[in-house]
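What follows is a set of notes on a single structure, which appears directly below.
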Amino acid sequence: MTINSNQNSLFQKIEQVRRRQGKIRDTHINLAHGSGGKAMRDLIDDVFVKTFDNPILSQLEDQATFDLASLSQYGNRLAFTTDSYVVDPLFFPGSDIGELAVNGTINDLAVSGAKPLYLTCSVILEEGLPVETLRCVVSSMQQAAQKAGVQIVTGDTKVVNRGCADKLFINTAGIGIIPPNIDISPRNIQPGDVVIINGEIGNHGTAILIARGELALETDIESDCQPLHELVAEIIKVCPQIHAMRDATRGGLATVLNEFALTANVGIRINENAIPIREEVNGVCEILGLEPLYLANEGKIVIIAPPEKADLILAAMQNHPTGKQASIIGEIIPTPPGIVLLKTAFGAERIIDMLVGDQLPRIC
């Protein structure tokens with residue numbers, strides 16, 4: 001069959017229309033934006049594709065594809081994680097739900113020693129959400145991703161009826177590559193190891209608490225939301241034999257230490273005077289009867305390392321912007337197994353148990 005010039009011109013016009021990037025004209029999210037039709041395509045094109053623009057995402061397939069050779073140059077094992085973010089409010093001092101979603105997923109990869117490479121972004125939108133609010137969150141995600149050197153390569157969008165969600169929820173998944181000869185796991189923890197943290201605890205939890213406006217309190221505390229993969233890379237340079245590492249998010253420092261103690265069947269003793277914490281955070285906790293050791297963080301890692309490497313690790317951390325306040329806060333002890341002890345400022349010891357509930361829900 002011969003295609004004449006008129007048919008060819010028609011095909012070209014059809015292809016131009018097909019490839020034309022949609023533009024959303026609504027000011028608020030409605031159910032049509034989750035219908036799978038043109039309204040949804042316009043939302044995805046105008047808000048997500050245009051903002052996250054990269055060669056993998058632009059294919060607009062149901063999955064992101066990349067060749068294995070591009071991954072194997074970084075290492076020989078894959079790290080894969082996923083997390084969901086329902087923080088309230090969406091915007092808070094120092095950060096927002098978008099930056100939080102990107103950095104939180106990056107940090108979950110980083111604490112395995114992996115180099116983060118690719119992220120997904122799936123959103124659940126409540127009918128009535130201002131489109132401008134969504135644009136701000138997506139822009140924040142892209143800025144955080146660019147800063148960290150990762151790409152957001154695929155995702156999904158769902159819309160639910162008004163009242164069936166609270167404005168905006170985000171799910172992210174991440175892929176990273178672990179370099180050879182890196183084995184970071186709580187099963188490696190041994191008596192005599194030191195406990196190190198990279199800075200002040202409780203800032204994120206306190207910032208969220210104040211931002212909710214339910215209390216007549218004012219502070220200048222901001223969330224510590226930040227990516228930690230570059231700091232982890234510097235630590236691994238001086239000590240590839242890191243025994244364990246975890247970011248202290250929900251449940252805070254106390255929860256991470258309890259998880260380590262239970263998994264490795266060891267005791268942990270930490271020194272209250274050595275733990276970096278702002279006076280304002282302590283003050284808020286005293287007023288409200290909260291324990292700062294359980295407050296959430298979004299830019300803090302807890303490291304368990306061999307004692308002979310402690311000074312090298314500490315120096316490397318303190319030379320990095322996200323580790324300037326790094327401190328050795330405790331040690332691993334053989335007994336009592338599975339128990340975390342806090343040596344108080346008065347010299348006494350008390351048990352820091354696993355938190356039963358949640359001091360502050362919807363913190364991330």
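Letters for chains follow the order of the structure tokens (A, B, ...), residue numbers begin at 1 for each chain, and ligand numbers begin at 1 in the order shown.
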Please build the interface table for stretch 116-233 of chain A against stretch 340-362 of chain A with a cut-off of 12 Å, listing for each qualifying residue the nearest atom pair and the distance in Å to one decimal; count only C-alpha atoms, order rows by chain and increasing number, and write it as a tab-separated table.
residue	atom	partner	partner_atom	distance
A:Asp166	CA	A:Arg362	CA	11.0
A:Phe169	CA	A:Arg362	CA	10.9
A:Val195	CA	A:Val340	CA	11.8
A:Gly202	CA	A:Leu360	CA	11.7
A:His204	CA	A:Leu360	CA	11.2
A:Gly205	CA	A:Leu360	CA	7.7
A:Thr206	CA	A:Leu360	CA	9.5
A:Ala207	CA	A:Leu360	CA	11.5
A:Ile208	CA	A:Leu360	CA	9.0
A:Leu209	CA	A:Leu360	CA	7.7
A:Ile210	CA	A:Leu360	CA	11.5
A:Arg212	CA	A:Arg362	CA	11.0
Dump as a PDB file, in the first residue's frame, selection limited to C-alpha atoms:
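Just written: part_1.pdb:
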ATOM      1  CA  ASP A 166      -5.461  13.779  54.352  1.00  0.00           C
ATOM      2  CA  PHE A 169       0.458  10.764  50.833  1.00  0.00           C
ATOM      3  CA  VAL A 195      28.295   3.876  69.329  1.00  0.00           C
ATOM      4  CA  GLY A 202      15.052  15.237  68.224  1.00  0.00           C
ATOM      5  CA  HIS A 204      12.649  16.817  63.384  1.00  0.00           C
ATOM      6  CA  GLY A 205      10.130  15.584  65.927  1.00  0.00           C
ATOM      7  CA  THR A 206      10.163  18.896  67.754  1.00  0.00           C
ATOM      8  CA  ALA A 207       9.800  20.912  64.528  1.00  0.00           C
ATOM      9  CA  ILE A 208       6.751  18.853  63.501  1.00  0.00           C
ATOM     10  CA  LEU A 209       5.206  19.169  66.950  1.00  0.00           C
ATOM     11  CA  ILE A 210       5.516  22.966  66.946  1.00  0.00           C
ATOM     12  CA  ARG A 212       1.058  21.627  64.083  1.00  0.00           C
TER      13      ARG A 212
END
- Task: as JSON, numbers by chain, list the residues of stretch 230-349 of chain A assigned to strand (DSSP E) by DSSP on the backbone atoms of this structure.
- Result: {"A": [244, 245, 246, 247, 267, 268, 269, 270, 271, 301, 302, 303, 304, 305, 327, 328, 329, 330, 331, 332, 333, 340, 341, 342, 343, 349]}
Could you write those residues out with N, CA and C atoms, as a PDB file, in the first residue's frame?
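This went into part.pdb:
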ATOM      1  N   ALA A 244      27.552  -1.895  62.002  1.00  0.00           N
ATOM      2  CA  ALA A 244      26.112  -1.670  61.830  1.00  0.00           C
ATOM      3  C   ALA A 244      25.853  -0.178  61.668  1.00  0.00           C
ATOM      4  N   MET A 245      24.760   0.132  60.974  1.00  0.00           N
ATOM      5  CA  MET A 245      24.420   1.527  60.720  1.00  0.00           C
ATOM      6  C   MET A 245      22.923   1.619  60.452  1.00  0.00           C
ATOM      7  N   ARG A 246      22.273   2.612  61.028  1.00  0.00           N
ATOM      8  CA  ARG A 246      20.844   2.782  60.792  1.00  0.00           C
ATOM      9  C   ARG A 246      20.476   4.242  61.017  1.00  0.00           C
ATOM     10  N   ASP A 247      19.517   4.733  60.226  1.00  0.00           N
ATOM     11  CA  ASP A 247      19.054   6.100  60.445  1.00  0.00           C
ATOM     12  C   ASP A 247      17.955   6.090  61.503  1.00  0.00           C
ATOM     13  N   GLY A 267      24.385  -6.035  75.135  1.00  0.00           N
ATOM     14  CA  GLY A 267      23.921  -4.857  75.841  1.00  0.00           C
ATOM     15  C   GLY A 267      24.537  -3.611  75.229  1.00  0.00           C
ATOM     16  N   ILE A 268      23.900  -2.478  75.461  1.00  0.00           N
ATOM     17  CA  ILE A 268      24.430  -1.197  74.985  1.00  0.00           C
ATOM     18  C   ILE A 268      24.329  -0.198  76.129  1.00  0.00           C
ATOM     19  N   ARG A 269      25.419   0.495  76.396  1.00  0.00           N
ATOM     20  CA  ARG A 269      25.419   1.545  77.404  1.00  0.00           C
ATOM     21  C   ARG A 269      25.729   2.870  76.725  1.00  0.00           C
ATOM     22  N   ILE A 270      24.863   3.849  76.898  1.00  0.00           N
ATOM     23  CA  ILE A 270      25.104   5.173  76.327  1.00  0.00           C
ATOM     24  C   ILE A 270      25.216   6.188  77.459  1.00  0.00           C
ATOM     25  N   ASN A 271      25.923   7.274  77.166  1.00  0.00           N
ATOM     26  CA  ASN A 271      26.213   8.307  78.155  1.00  0.00           C
ATOM     27  C   ASN A 271      25.368   9.533  77.857  1.00  0.00           C
ATOM     28  N   ILE A 301      22.273   9.338  61.706  1.00  0.00           N
ATOM     29  CA  ILE A 301      22.618   7.917  61.631  1.00  0.00           C
ATOM     30  C   ILE A 301      23.317   7.496  62.909  1.00  0.00           C
ATOM     31  N   VAL A 302      23.016   6.278  63.313  1.00  0.00           N
ATOM     32  CA  VAL A 302      23.660   5.654  64.460  1.00  0.00           C
ATOM     33  C   VAL A 302      24.611   4.593  63.918  1.00  0.00           C
ATOM     34  N   ILE A 303      25.861   4.663  64.321  1.00  0.00           N
ATOM     35  CA  ILE A 303      26.896   3.787  63.781  1.00  0.00           C
ATOM     36  C   ILE A 303      27.501   2.955  64.899  1.00  0.00           C
ATOM     37  N   ILE A 304      27.676   1.672  64.637  1.00  0.00           N
ATOM     38  CA  ILE A 304      28.391   0.786  65.554  1.00  0.00           C
ATOM     39  C   ILE A 304      29.680   0.381  64.847  1.00  0.00           C
ATOM     40  N   ALA A 305      30.817   0.688  65.469  1.00  0.00           N
ATOM     41  CA  ALA A 305      32.091   0.501  64.791  1.00  0.00           C
ATOM     42  C   ALA A 305      33.146  -0.077  65.734  1.00  0.00           C
ATOM     43  N   SER A 327      29.596  12.493  67.509  1.00  0.00           N
ATOM     44  CA  SER A 327      30.065  12.225  68.862  1.00  0.00           C
ATOM     45  C   SER A 327      29.984  10.736  69.160  1.00  0.00           C
ATOM     46  N   ILE A 328      30.939  10.248  69.939  1.00  0.00           N
ATOM     47  CA  ILE A 328      30.869   8.888  70.475  1.00  0.00           C
ATOM     48  C   ILE A 328      29.978   8.953  71.720  1.00  0.00           C
ATOM     49  N   ILE A 329      28.891   8.212  71.701  1.00  0.00           N
ATOM     50  CA  ILE A 329      27.906   8.346  72.783  1.00  0.00           C
ATOM     51  C   ILE A 329      27.775   7.086  73.642  1.00  0.00           C
ATOM     52  N   GLY A 330      28.485   6.021  73.299  1.00  0.00           N
ATOM     53  CA  GLY A 330      28.336   4.816  74.103  1.00  0.00           C
ATOM     54  C   GLY A 330      29.178   3.665  73.606  1.00  0.00           C
ATOM     55  N   GLU A 331      28.897   2.493  74.172  1.00  0.00           N
ATOM     56  CA  GLU A 331      29.667   1.295  73.838  1.00  0.00           C
ATOM     57  C   GLU A 331      28.783   0.060  73.918  1.00  0.00           C
ATOM     58  N   ILE A 332      29.250  -0.985  73.273  1.00  0.00           N
ATOM     59  CA  ILE A 332      28.585  -2.283  73.321  1.00  0.00           C
ATOM     60  C   ILE A 332      29.168  -3.075  74.483  1.00  0.00           C
ATOM     61  N   ILE A 333      28.281  -3.665  75.286  1.00  0.00           N
ATOM     62  CA  ILE A 333      28.705  -4.457  76.435  1.00  0.00           C
ATOM     63  C   ILE A 333      28.109  -5.861  76.327  1.00  0.00           C
ATOM     64  N   VAL A 340      19.305  -1.806  76.651  1.00  0.00           N
ATOM     65  CA  VAL A 340      20.000  -0.532  76.479  1.00  0.00           C
ATOM     66  C   VAL A 340      19.981   0.212  77.806  1.00  0.00           C
ATOM     67  N   LEU A 341      21.144   0.611  78.255  1.00  0.00           N
ATOM     68  CA  LEU A 341      21.280   1.334  79.517  1.00  0.00           C
ATOM     69  C   LEU A 341      21.718   2.761  79.250  1.00  0.00           C
ATOM     70  N   LEU A 342      21.146   3.694  79.986  1.00  0.00           N
ATOM     71  CA  LEU A 342      21.551   5.094  79.896  1.00  0.00           C
ATOM     72  C   LEU A 342      22.242   5.490  81.193  1.00  0.00           C
ATOM     73  N   LYS A 343      23.492   5.928  81.067  1.00  0.00           N
ATOM     74  CA  LYS A 343      24.189   6.496  82.215  1.00  0.00           C
ATOM     75  C   LYS A 343      23.793   7.962  82.305  1.00  0.00           C
ATOM     76  N   GLU A 349      22.252   4.655  86.422  1.00  0.00           N
ATOM     77  CA  GLU A 349      21.903   3.989  85.177  1.00  0.00           C
ATOM     78  C   GLU A 349      20.424   3.636  85.178  1.00  0.00           C
TER      79      GLU A 349
END
- Close residues, A:Ala173 itself excluded, 7 Å, only C-alpha atoms, min 3 positions apart in chain, as a PyMOL selection string: chain A and resi 81-83+105+119-120
Surrounding residues of stretch 215-229 of chain A excluding itself and chain neighbours under 3 positions, 7 Å, only C-alpha atoms, as a PDB file with C-alpha atoms, in the first residue's frame:
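Everything below was put into part27.pdb:
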ATOM      1  CA  PRO A  93      10.250  24.357  59.419  1.00  0.00           C
ATOM      2  CA  GLY A  94      13.281  23.237  57.450  1.00  0.00           C
ATOM      3  CA  SER A  95      11.574  20.874  54.995  1.00  0.00           C
ATOM      4  CA  LEU A 100      11.400  14.174  53.290  1.00  0.00           C
ATOM      5  CA  ASN A 103      15.920  12.011  51.603  1.00  0.00           C
ATOM      6  CA  ILE A 106      18.073   7.780  50.099  1.00  0.00           C
ATOM      7  CA  ASN A 107      19.077   7.328  53.733  1.00  0.00           C
ATOM      8  CA  ALA A 110      22.778   4.682  52.376  1.00  0.00           C
ATOM      9  CA  LYS A 115      25.155   4.319  46.449  1.00  0.00           C
ATOM     10  CA  ALA A 148      21.631  14.026  46.007  1.00  0.00           C
ATOM     11  CA  ASN A 203      15.033  18.289  65.958  1.00  0.00           C
ATOM     12  CA  HIS A 204      12.649  16.817  63.384  1.00  0.00           C
ATOM     13  CA  ALA A 207       9.800  20.912  64.528  1.00  0.00           C
ATOM     14  CA  ILE A 210       5.516  22.966  66.946  1.00  0.00           C
ATOM     15  CA  VAL A 232      28.306   7.355  54.729  1.00  0.00           C
ATOM     16  CA  ALA A 233      30.691   7.191  51.756  1.00  0.00           C
ATOM     17  CA  ASN A 297      15.007  12.408  63.266  1.00  0.00           C
ATOM     18  CA  GLU A 298      15.381  12.655  59.500  1.00  0.00           C
ATOM     19  CA  GLY A 299      19.097  13.275  59.161  1.00  0.00           C
TER      20      GLY A 299
END
